[in-house]
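Shown next: target-v4.pdb, containing PDB, C-alpha atoms.
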ATOM      1  CA  MET A 585     -72.678  23.792  41.482
ATOM      2  CA  LYS A 586     -71.075  27.055  40.444
ATOM      3  CA  LYS A 587     -68.758  26.891  43.454
ATOM      4  CA  PHE A 588     -67.698  23.351  42.474
ATOM      5  CA  ALA A 589     -66.865  24.369  38.885
ATOM      6  CA  LEU A 590     -64.873  27.344  40.112
ATOM      7  CA  ALA A 591     -62.875  25.148  42.502
ATOM      8  CA  ALA A 592     -62.130  22.604  39.744
ATOM      9  CA  THR A 593     -60.911  25.355  37.419
ATOM     10  CA  LEU A 594     -58.620  26.801  40.099
ATOM     11  CA  PHE A 595     -57.232  23.340  40.911
ATOM     12  CA  SER A 596     -56.438  22.438  37.302
ATOM     13  CA  SER A 597     -54.821  25.818  36.695
ATOM     14  CA  GLY A 598     -52.602  25.458  39.757
ATOM     15  CA  ALA A 599     -51.611  21.899  38.895
ATOM     16  CA  GLY A 600     -50.637  22.967  35.370
ATOM     17  CA  SER A 601     -48.503  25.799  36.699
ATOM     18  CA  ALA A 602     -46.748  23.443  39.089
ATOM     19  CA  LEU A 603     -45.988  20.954  36.314
ATOM     20  CA  ALA A 604     -44.647  23.734  34.102
ATOM     21  CA  GLY A 605     -42.470  24.912  36.955
ATOM     22  CA  ASP A 606     -41.084  21.404  37.480
ATOM     23  CA  ALA A 607     -40.351  21.027  33.748
ATOM     24  CA  SER A 608     -38.485  24.317  33.669
ATOM     25  CA  LEU A 609     -36.259  23.129  36.530
ATOM     26  CA  ARG A 610     -35.116  19.933  34.735
ATOM     27  CA  PRO A 611     -31.771  20.403  32.866
ATOM     28  CA  PHE A 612     -31.695  19.755  29.106
ATOM     29  CA  VAL A 613     -29.604  16.691  28.273
ATOM     30  CA  PRO A 614     -28.691  16.537  24.554
ATOM     31  CA  TYR A 615     -28.686  13.159  22.789
ATOM     32  CA  PRO A 616     -25.041  12.008  22.482
ATOM     33  CA  VAL A 617     -23.736  12.144  18.922
ATOM     34  CA  PRO A 618     -21.895   8.898  17.981
ATOM     35  CA  VAL A 619     -18.150   9.444  17.470
ATOM     36  CA  TRP A 620     -16.847   7.868  14.234
ATOM     37  CA  SER A 621     -13.866   5.542  14.638
ATOM     38  CA  TRP A 622     -11.250   4.116  12.293
ATOM     39  CA  THR A 623     -11.589   0.734  13.989
ATOM     40  CA  GLY A 624     -12.811  -2.038  11.685
ATOM     41  CA  PHE A 625     -12.173  -4.163   8.616
ATOM     42  CA  TYR A 626     -11.798  -2.690   5.128
ATOM     43  CA  VAL A 627     -11.239  -3.884   1.548
ATOM     44  CA  GLY A 628     -10.228  -1.855  -1.481
ATOM     45  CA  ALA A 629      -8.545  -1.558  -4.867
ATOM     46  CA  ASP A 630      -5.582   0.550  -5.959
ATOM     47  CA  ALA A 631      -3.602   1.514  -9.047
ATOM     48  CA  GLY A 632      -0.361   3.348  -9.656
ATOM     49  CA  TYR A 633       3.099   3.472 -11.178
ATOM     50  CA  GLY A 634       6.260   1.612 -10.249
ATOM     51  CA  TRP A 635       9.939   1.883 -11.088
ATOM     52  CA  SER A 636      12.909  -0.176  -9.989
ATOM     53  CA  ASN A 637      16.594  -0.837 -10.436
ATOM     54  CA  VAL A 638      17.866  -4.328 -11.292
ATOM     55  CA  ASP A 639      21.605  -4.998 -11.174
ATOM     56  CA  HIS A 640      23.210  -8.032 -12.857
ATOM     57  CA  SER A 641      26.751  -9.246 -12.290
ATOM     58  CA  VAL A 642      28.118 -11.997 -14.559
ATOM     59  CA  THR A 643      30.984 -13.488 -12.575
ATOM     60  CA  ILE A 644      32.401 -15.789 -15.255
ATOM     61  CA  ASN A 645      33.500 -12.926 -17.507
ATOM     62  CA  ALA A 646      33.407  -9.951 -15.102
ATOM     63  CA  LEU A 647      30.555  -8.188 -16.913
ATOM     64  CA  SER A 648      27.736  -6.224 -15.309
ATOM     65  CA  ILE A 649      24.639  -4.365 -16.458
ATOM     66  CA  SER A 650      21.644  -2.640 -14.872
ATOM     67  CA  THR A 651      18.095  -2.205 -16.114
ATOM     68  CA  LYS A 652      15.536   0.356 -14.941
ATOM     69  CA  PRO A 653      12.105  -1.258 -15.259
ATOM     70  CA  SER A 654       8.993   0.891 -14.925
ATOM     71  CA  GLY A 655       5.290   0.585 -15.614
ATOM     72  CA  PHE A 656       1.740   0.134 -14.329
ATOM     73  CA  ILE A 657       0.735  -1.711 -11.167
ATOM     74  CA  GLY A 658      -2.766  -2.315  -9.791
ATOM     75  CA  GLY A 659      -4.477  -4.686  -7.385
ATOM     76  CA  ILE A 660      -6.524  -5.178  -4.230
ATOM     77  CA  TYR A 661      -5.881  -4.795  -0.520
ATOM     78  CA  ALA A 662      -7.555  -5.569   2.806
ATOM     79  CA  GLY A 663      -6.835  -4.995   6.455
ATOM     80  CA  TYR A 664      -7.985  -4.121   9.942
ATOM     81  CA  ASN A 665      -7.528  -0.860  11.848
ATOM     82  CA  TRP A 666      -7.709  -0.327  15.584
ATOM     83  CA  GLN A 667      -8.012   3.247  16.859
ATOM     84  CA  PHE A 668      -6.547   3.778  20.308
ATOM     85  CA  GLY A 669      -6.951   7.174  21.871
ATOM     86  CA  PRO A 670      -8.250  10.169  19.950
ATOM     87  CA  GLN A 671      -5.296  10.491  17.537
ATOM     88  CA  PHE A 672      -3.634   7.114  16.940
ATOM     89  CA  VAL A 673      -4.428   4.096  14.766
ATOM     90  CA  ALA A 674      -2.649   0.740  14.481
ATOM     91  CA  GLY A 675      -3.408  -1.880  11.874
ATOM     92  CA  LEU A 676      -2.386  -4.808   9.720
ATOM     93  CA  GLU A 677      -2.767  -4.851   5.931
ATOM     94  CA  THR A 678      -2.060  -7.241   3.074
ATOM     95  CA  ASP A 679      -2.175  -6.504  -0.658
ATOM     96  CA  ILE A 680      -1.563  -8.228  -3.974
ATOM     97  CA  ALA A 681      -1.071  -6.455  -7.306
ATOM     98  CA  TRP A 682      -0.580  -7.333 -10.958
ATOM     99  CA  ALA A 683       2.412  -5.483 -12.415
ATOM    100  CA  ASN A 684       3.871  -4.718 -15.817
ATOM    101  CA  ILE A 685       7.146  -3.188 -14.650
ATOM    102  CA  SER A 686       9.772  -4.073 -17.266
ATOM    103  CA  ASP A 687      12.840  -2.884 -19.170
ATOM    104  CA  THR A 688      15.356  -4.179 -21.711
ATOM    105  CA  THR A 689      18.815  -2.720 -22.173
ATOM    106  CA  GLY A 690      22.170  -3.685 -23.684
ATOM    107  CA  THR A 691      25.724  -2.486 -24.043
ATOM    108  CA  VAL A 692      28.905  -3.328 -25.934
ATOM    109  CA  GLY A 693      32.525  -2.545 -25.178
ATOM    110  CA  LYS A 694      36.011  -3.923 -24.657
ATOM    111  CA  ILE A 695      37.972  -5.258 -21.729
ATOM    112  CA  GLY A 696      41.513  -4.602 -22.867
ATOM    113  CA  LEU A 697      41.493  -5.817 -26.471
ATOM    114  CA  VAL A 698      38.651  -8.305 -25.980
ATOM    115  CA  PRO A 699      35.218  -7.134 -27.163
ATOM    116  CA  PHE A 700      32.067  -7.964 -25.252
ATOM    117  CA  ALA A 701      28.307  -7.518 -25.458
ATOM    118  CA  ILE A 702      25.672  -7.921 -22.781
ATOM    119  CA  GLN A 703      21.888  -7.581 -22.852
ATOM    120  CA  ALA A 704      19.395  -7.834 -19.999
ATOM    121  CA  GLU A 705      15.595  -7.979 -19.817
ATOM    122  CA  ASP A 706      13.753  -7.781 -16.498
ATOM    123  CA  ARG A 707      10.111  -7.872 -15.532
ATOM    124  CA  LEU A 708       8.133  -7.720 -12.294
ATOM    125  CA  ARG A 709       4.883  -9.624 -12.941
ATOM    126  CA  TRP A 710       3.186  -9.315  -9.566
ATOM    127  CA  LEU A 711       3.952  -7.965  -6.114
ATOM    128  CA  GLY A 712       2.408  -8.497  -2.698
ATOM    129  CA  THR A 713       3.116  -7.196   0.799
ATOM    130  CA  THR A 714       1.942  -7.802   4.355
ATOM    131  CA  ARG A 715       2.643  -4.795   6.583
ATOM    132  CA  ALA A 716       1.936  -3.360  10.001
ATOM    133  CA  ARG A 717       0.696   0.242   9.939
ATOM    134  CA  LEU A 718       0.822   3.029  12.520
ATOM    135  CA  GLY A 719      -1.182   6.169  11.879
ATOM    136  CA  PHE A 720      -1.650   9.636  13.355
ATOM    137  CA  LEU A 721      -4.874  11.658  13.064
ATOM    138  CA  PRO A 722      -4.309  15.405  12.572
ATOM    139  CA  MET A 723      -8.088  15.468  12.007
ATOM    140  CA  GLN A 724     -10.656  12.814  12.826
ATOM    141  CA  SER A 725     -11.254  12.079   9.122
ATOM    142  CA  ILE A 726      -7.589  12.195   7.981
ATOM    143  CA  MET A 727      -4.828   9.746   8.836
ATOM    144  CA  VAL A 728      -1.130   9.923   7.943
ATOM    145  CA  TYR A 729       0.704   6.648   8.421
ATOM    146  CA  GLY A 730       3.857   4.645   8.025
ATOM    147  CA  SER A 731       4.130   0.923   7.353
ATOM    148  CA  VAL A 732       6.715  -1.861   7.415
ATOM    149  CA  GLY A 733       6.588  -5.568   6.626
ATOM    150  CA  VAL A 734       7.428  -8.337   4.182
ATOM    151  CA  ALA A 735       7.280  -8.258   0.373
ATOM    152  CA  TYR A 736       7.012 -11.041  -2.204
ATOM    153  CA  GLY A 737       6.847 -10.974  -5.978
ATOM    154  CA  SER A 738       7.379 -12.768  -9.280
ATOM    155  CA  VAL A 739      10.555 -11.610 -11.012
ATOM    156  CA  GLU A 740      11.871 -12.615 -14.456
ATOM    157  CA  ASP A 741      15.535 -12.046 -15.372
ATOM    158  CA  ASN A 742      17.012 -12.777 -18.810
ATOM    159  CA  VAL A 743      20.681 -12.024 -19.513
ATOM    160  CA  ILE A 744      22.739 -12.684 -22.663
ATOM    161  CA  SER A 745      26.499 -12.265 -22.320
ATOM    162  CA  SER A 746      29.063 -12.497 -25.107
ATOM    163  CA  PHE A 747      32.759 -12.224 -24.183
ATOM    164  CA  GLY A 748      34.942 -12.263 -27.298
ATOM    165  CA  SER A 749      32.408 -10.680 -29.629
ATOM    166  CA  ALA A 750      30.506  -7.401 -29.713
ATOM    167  CA  SER A 751      27.302  -9.241 -30.678
ATOM    168  CA  THR A 752      24.908 -11.148 -28.419
ATOM    169  CA  HIS A 753      24.097 -13.329 -31.457
ATOM    170  CA  SER A 754      27.624 -14.654 -31.845
ATOM    171  CA  SER A 755      28.841 -18.157 -31.053
ATOM    172  CA  PHE A 756      30.444 -16.735 -27.897
ATOM    173  CA  ALA A 757      27.064 -15.744 -26.456
ATOM    174  CA  GLN A 758      25.659 -17.427 -23.366
ATOM    175  CA  SER A 759      22.140 -16.882 -22.055
ATOM    176  CA  PHE A 760      20.991 -16.959 -18.442
ATOM    177  CA  SER A 761      17.325 -16.926 -17.446
ATOM    178  CA  ALA A 762      15.507 -17.087 -14.133
ATOM    179  CA  SER A 763      11.844 -16.775 -13.208
ATOM    180  CA  ASP A 764      10.934 -17.204  -9.567
ATOM    181  CA  THR A 765       9.087 -15.821  -6.586
ATOM    182  CA  ARG A 766      11.321 -13.751  -4.346
ATOM    183  CA  PHE A 767      10.857 -12.553  -0.792
ATOM    184  CA  GLY A 768      12.120  -9.426   0.929
ATOM    185  CA  TRP A 769      10.889  -6.396   2.826
ATOM    186  CA  ALA A 770       8.829  -3.262   2.250
ATOM    187  CA  VAL A 771       8.372   0.123   3.912
ATOM    188  CA  GLY A 772       5.858   2.795   3.037
ATOM    189  CA  ALA A 773       4.096   6.017   3.955
ATOM    190  CA  GLY A 774       0.794   7.537   2.991
ATOM    191  CA  ALA A 775      -2.307   9.539   3.827
ATOM    192  CA  GLU A 776      -5.895   8.313   4.039
ATOM    193  CA  TRP A 777      -9.128  10.303   4.070
ATOM    194  CA  ALA A 778     -12.554   9.157   5.262
ATOM    195  CA  ILE A 779     -14.881  10.586   2.599
ATOM    196  CA  THR A 780     -17.877   9.093   4.439
ATOM    197  CA  ASN A 781     -18.304   6.716   7.371
ATOM    198  CA  ASN A 782     -17.684   3.801   5.010
ATOM    199  CA  LEU A 783     -15.735   5.138   2.042
ATOM    200  CA  LEU A 784     -11.976   5.752   2.378
ATOM    201  CA  THR A 785      -9.463   7.008  -0.185
ATOM    202  CA  ARG A 786      -5.669   7.087   0.036
ATOM    203  CA  ALA A 787      -2.389   8.035  -1.607
ATOM    204  CA  GLU A 788       0.660   5.885  -0.814
ATOM    205  CA  TRP A 789       4.373   5.500  -1.510
ATOM    206  CA  LEU A 790       5.988   2.081  -1.081
ATOM    207  CA  HIS A 791       9.605   0.915  -1.319
ATOM    208  CA  TYR A 792      10.264  -2.804  -1.763
ATOM    209  CA  ASP A 793      13.429  -4.885  -1.854
ATOM    210  CA  LEU A 794      13.223  -8.460  -3.138
ATOM    211  CA  GLY A 795      16.873  -9.214  -2.417
ATOM    212  CA  SER A 796      19.360 -10.865  -4.769
ATOM    213  CA  THR A 797      19.726 -14.340  -6.262
ATOM    214  CA  SER A 798      22.503 -16.292  -7.937
ATOM    215  CA  ASN A 799      22.053 -19.076 -10.448
ATOM    216  CA  ALA A 800      24.186 -21.953 -11.717
ATOM    217  CA  PHE A 801      25.801 -19.712 -14.348
ATOM    218  CA  ASP A 802      27.200 -17.326 -11.696
ATOM    219  CA  VAL A 803      24.800 -14.537 -12.595
ATOM    220  CA  THR A 804      23.775 -12.502  -9.534
ATOM    221  CA  SER A 805      20.670 -10.303  -9.802
ATOM    222  CA  SER A 806      19.271  -7.839  -7.274
ATOM    223  CA  ASN A 807      15.836  -6.225  -7.439
ATOM    224  CA  SER A 808      14.404  -3.253  -5.541
ATOM    225  CA  GLY A 809      12.002  -0.478  -6.455
ATOM    226  CA  ASN A 810       9.357   2.083  -5.592
ATOM    227  CA  ILE A 811       5.612   2.429  -6.123
ATOM    228  CA  VAL A 812       3.252   5.394  -5.931
ATOM    229  CA  ARG A 813      -0.456   4.572  -5.997
ATOM    230  CA  THR A 814      -3.928   5.673  -5.012
ATOM    231  CA  GLY A 815      -6.690   3.512  -3.596
ATOM    232  CA  LEU A 816     -10.369   3.433  -2.679
ATOM    233  CA  SER A 817     -11.716   1.146   0.035
ATOM    234  CA  TYR A 818     -14.919   0.271   1.884
ATOM    235  CA  LYS A 819     -14.877   0.119   5.686
ATOM    236  CA  PHE A 820     -17.327  -2.264   7.330
TER     237      PHE A 820
END
Represent the structure of the file as C-alpha cells.
Amino acid sequence: MKKFALAATLFSSGAGSALAGDASLRPFVPYPVPVWSWTGFYVGADAGYGWSNVDHSVTINALSISTKPSGFIGGIYAGYNWQFGPQFVAGLETDIAWANISDTTGTVGKIGLVPFAIQAEDRLRWLGTTRARLGFLPMQSIMVYGSVGVAYGSVEDNVISSFGSASTHSSFAQSFSASDTRFGWAVGAGAEWAITNNLLTRAEWLHYDLGSTSNAFDVTSSNSGNIVRTGLSYKF
C-alpha cells in the first residue's frame, strides 16, 4: 500500500512538471487592440462668424455701390467619412445654417454737375453647402482637410438710386429689390480632432460665391464671402 502511494505521488509530480514545461514553451499572444477608424456617419452643430462683399451696379444711371455684410452664422451638418490607408480620409458632407450677415451703406456725389445718391442694404438669411472632403492624418486622432462643392443661400438685395438729387427720398429716386435663392460654389479647409471614439470637434474656414444676378431694372448684384466656425459632432 505504501509502495502504491509513493508511485502515485511520483507520477502526479512528473505529470505536473511536464505540463508546466509545455506551458512555458507556448509563445504569449497578446489580444489585438482594436484600431479606431474615421470611417462612419456623423452629425453635428456649428457656429461662427461670416463676412462678405456685395457689389451693385446700376446700369441705367451708371452708379455703383458695395456693402460689406457681416454677422453670426450657425447651423447643423452631417456626412460620411471613409478612411483609406493609415493616413487618408475621404468623405461627403452637407450643411445648412441660419445667418444674420447684413449691412446697409449709402453715398452721395456728382457726375459732372448732376448730383446723385445711392443706398444699398444686403442680407444673407441662410446658407447651405454640399462638399467633398479629403483629409490627411498627421496623427490618428487629428485630421486636416480641404473641401470643395456647391453652395446655395437666401440673399436679399435692396437698392435705392437717385440720379438728379442728392437724396434717396427725392422724386428722382428709384428702388430695386430682390430676394431669392442663389446657387454657386464653395471651398474650405479645416482641422478636426477626435476627442473620444464618438465625439469630434473642428475648426473650419469656408469661402462661398453665390454668383451675380440682374433684375428688370438693370441692377446687377454679386455676392461672395467667408465664414470661420467651430463645430461639435457625434460619430456613429
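Note on the selection: in this file the PyMOL selection byres ((chain A and resi 623) around 10) comes out as Trp620, Ser621, Trp622, Gly624, Phe625, Tyr626, Tyr664, Asn665, Trp666, Gln667, Phe668, Val673, Ala674, Gly675, Lys819 and Phe820 of chain A.
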**Complete:** Shortest contact to Phe700 of chain A, candidates A:Thr814, A:Thr797, A:Ser749, A:Asn684, atoms counted only C-alpha atoms, goes to A:Ser749
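Atom pair atom CA of Asn637 of chain A / atom CA of Gly737 of chain A has a distance of 14.8 Å (rounded to one decimal).
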**Item:** Selection near segment 648-658 of chain A, 8 Å with all atoms listed in the file, sequence-local residues under 2 positions removed, as JSON, numbers by chain
**Value:** {"A": [629, 630, 631, 632, 633, 634, 635, 636, 637, 638, 639, 640, 641, 642, 646, 660, 681, 682, 683, 684, 685, 686, 687, 688, 689, 690, 691, 702, 703, 704, 705, 706, 707]}
Take the selection from the previous step and output its residues with C-alpha atoms, as an mmCIF file, in the coordinates of the input.
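Output saved as result-v8.cif:
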data_model
loop_
_atom_site.group_PDB
_atom_site.id
_atom_site.type_symbol
_atom_site.label_atom_id
_atom_site.label_comp_id
_atom_site.auth_asym_id
_atom_site.auth_seq_id
_atom_site.Cartn_x
_atom_site.Cartn_y
_atom_site.Cartn_z
ATOM 1 C CA ALA A 629 -8.545 -1.558 -4.867
ATOM 2 C CA ASP A 630 -5.582 0.550 -5.959
ATOM 3 C CA ALA A 631 -3.602 1.514 -9.047
ATOM 4 C CA GLY A 632 -0.361 3.348 -9.656
ATOM 5 C CA TYR A 633 3.099 3.472 -11.178
ATOM 6 C CA GLY A 634 6.260 1.612 -10.249
ATOM 7 C CA TRP A 635 9.939 1.883 -11.088
ATOM 8 C CA SER A 636 12.909 -0.176 -9.989
ATOM 9 C CA ASN A 637 16.594 -0.837 -10.436
ATOM 10 C CA VAL A 638 17.866 -4.328 -11.292
ATOM 11 C CA ASP A 639 21.605 -4.998 -11.174
ATOM 12 C CA HIS A 640 23.210 -8.032 -12.857
ATOM 13 C CA SER A 641 26.751 -9.246 -12.290
ATOM 14 C CA VAL A 642 28.118 -11.997 -14.559
ATOM 15 C CA ALA A 646 33.407 -9.951 -15.102
ATOM 16 C CA ILE A 660 -6.524 -5.178 -4.230
ATOM 17 C CA ALA A 681 -1.071 -6.455 -7.306
ATOM 18 C CA TRP A 682 -0.580 -7.333 -10.958
ATOM 19 C CA ALA A 683 2.412 -5.483 -12.415
ATOM 20 C CA ASN A 684 3.871 -4.718 -15.817
ATOM 21 C CA ILE A 685 7.146 -3.188 -14.650
ATOM 22 C CA SER A 686 9.772 -4.073 -17.266
ATOM 23 C CA ASP A 687 12.840 -2.884 -19.170
ATOM 24 C CA THR A 688 15.356 -4.179 -21.711
ATOM 25 C CA THR A 689 18.815 -2.720 -22.173
ATOM 26 C CA GLY A 690 22.170 -3.685 -23.684
ATOM 27 C CA THR A 691 25.724 -2.486 -24.043
ATOM 28 C CA ILE A 702 25.672 -7.921 -22.781
ATOM 29 C CA GLN A 703 21.888 -7.581 -22.852
ATOM 30 C CA ALA A 704 19.395 -7.834 -19.999
ATOM 31 C CA GLU A 705 15.595 -7.979 -19.817
ATOM 32 C CA ASP A 706 13.753 -7.781 -16.498
ATOM 33 C CA ARG A 707 10.111 -7.872 -15.532
#
**Item:** One-decimal distance in Å that lies between atom CA of His791 of chain A and atom CA of Phe760 of chain A
**Value:** 27.2 Å
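You will find atom CA of Phe672 of chain A at 9.6 Å from atom CA of Tyr729 of chain A.
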**Message:** When you count all atoms listed in the file, which of these residues is closest to Ser754 of chain A: A:Pro699, A:Asn810, A:Ile680, A:Leu718?
**Reply:** A:Pro699
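Distance check against Ala701 of chain A using only C-alpha atoms: of A:Gly748, A:Gly809, A:Gly772, A:Gly795, the minimum falls on A:Gly748.
Counting only C-alpha atoms, Ser725 of chain A has the following residues at most 8 Å away, ignoring those fewer than 2 positions along the same chain: Leu721, Met723, Met727, Trp777, Ala778 and Ile779 of chain A.
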**Prompt:** Where does the PyMOL selection byres ((chain A and resi 731) around 7) land in this file, that is, which residues does it pick, as a ChimeraX atom specification?
**Reply:** /A:715-718,729-730,732-733,771-773
**Prompt:** Can you list, as a ChimeraX atom specification, the residues that the PyMOL selection byres ((chain A and resi 740) around 9) selects here?
**Reply:** /A:705-709,738-739,741-742,761-765
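Counting only C-alpha atoms, the residue from A:Ala770, A:Tyr818, A:Val728, A:Val743 that sits nearest to Ala757 of chain A is A:Val743.
Proximity of A:Val627, A:Ala775, A:Val698, A:Val812 to Ala662 of chain A, computed with all atoms listed in the file, is greatest for A:Val627.
Distance annotation: of A:Thr714, A:Ser805, A:Ser759, A:Ser751, the residue with the minimal separation from Tyr792 of chain A is A:Thr714; atom set is only C-alpha atoms.
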Test item: axis-aligned box, all listed atoms of segment 738-743 of chain A, 4 Å on each side, centre and edges in Å rounded to one decimal, as JSON:
{"center_x": 14.0, "center_y": -12.2, "center_z": -14.4, "size_x": 21.3, "size_y": 9.2, "size_z": 18.2}
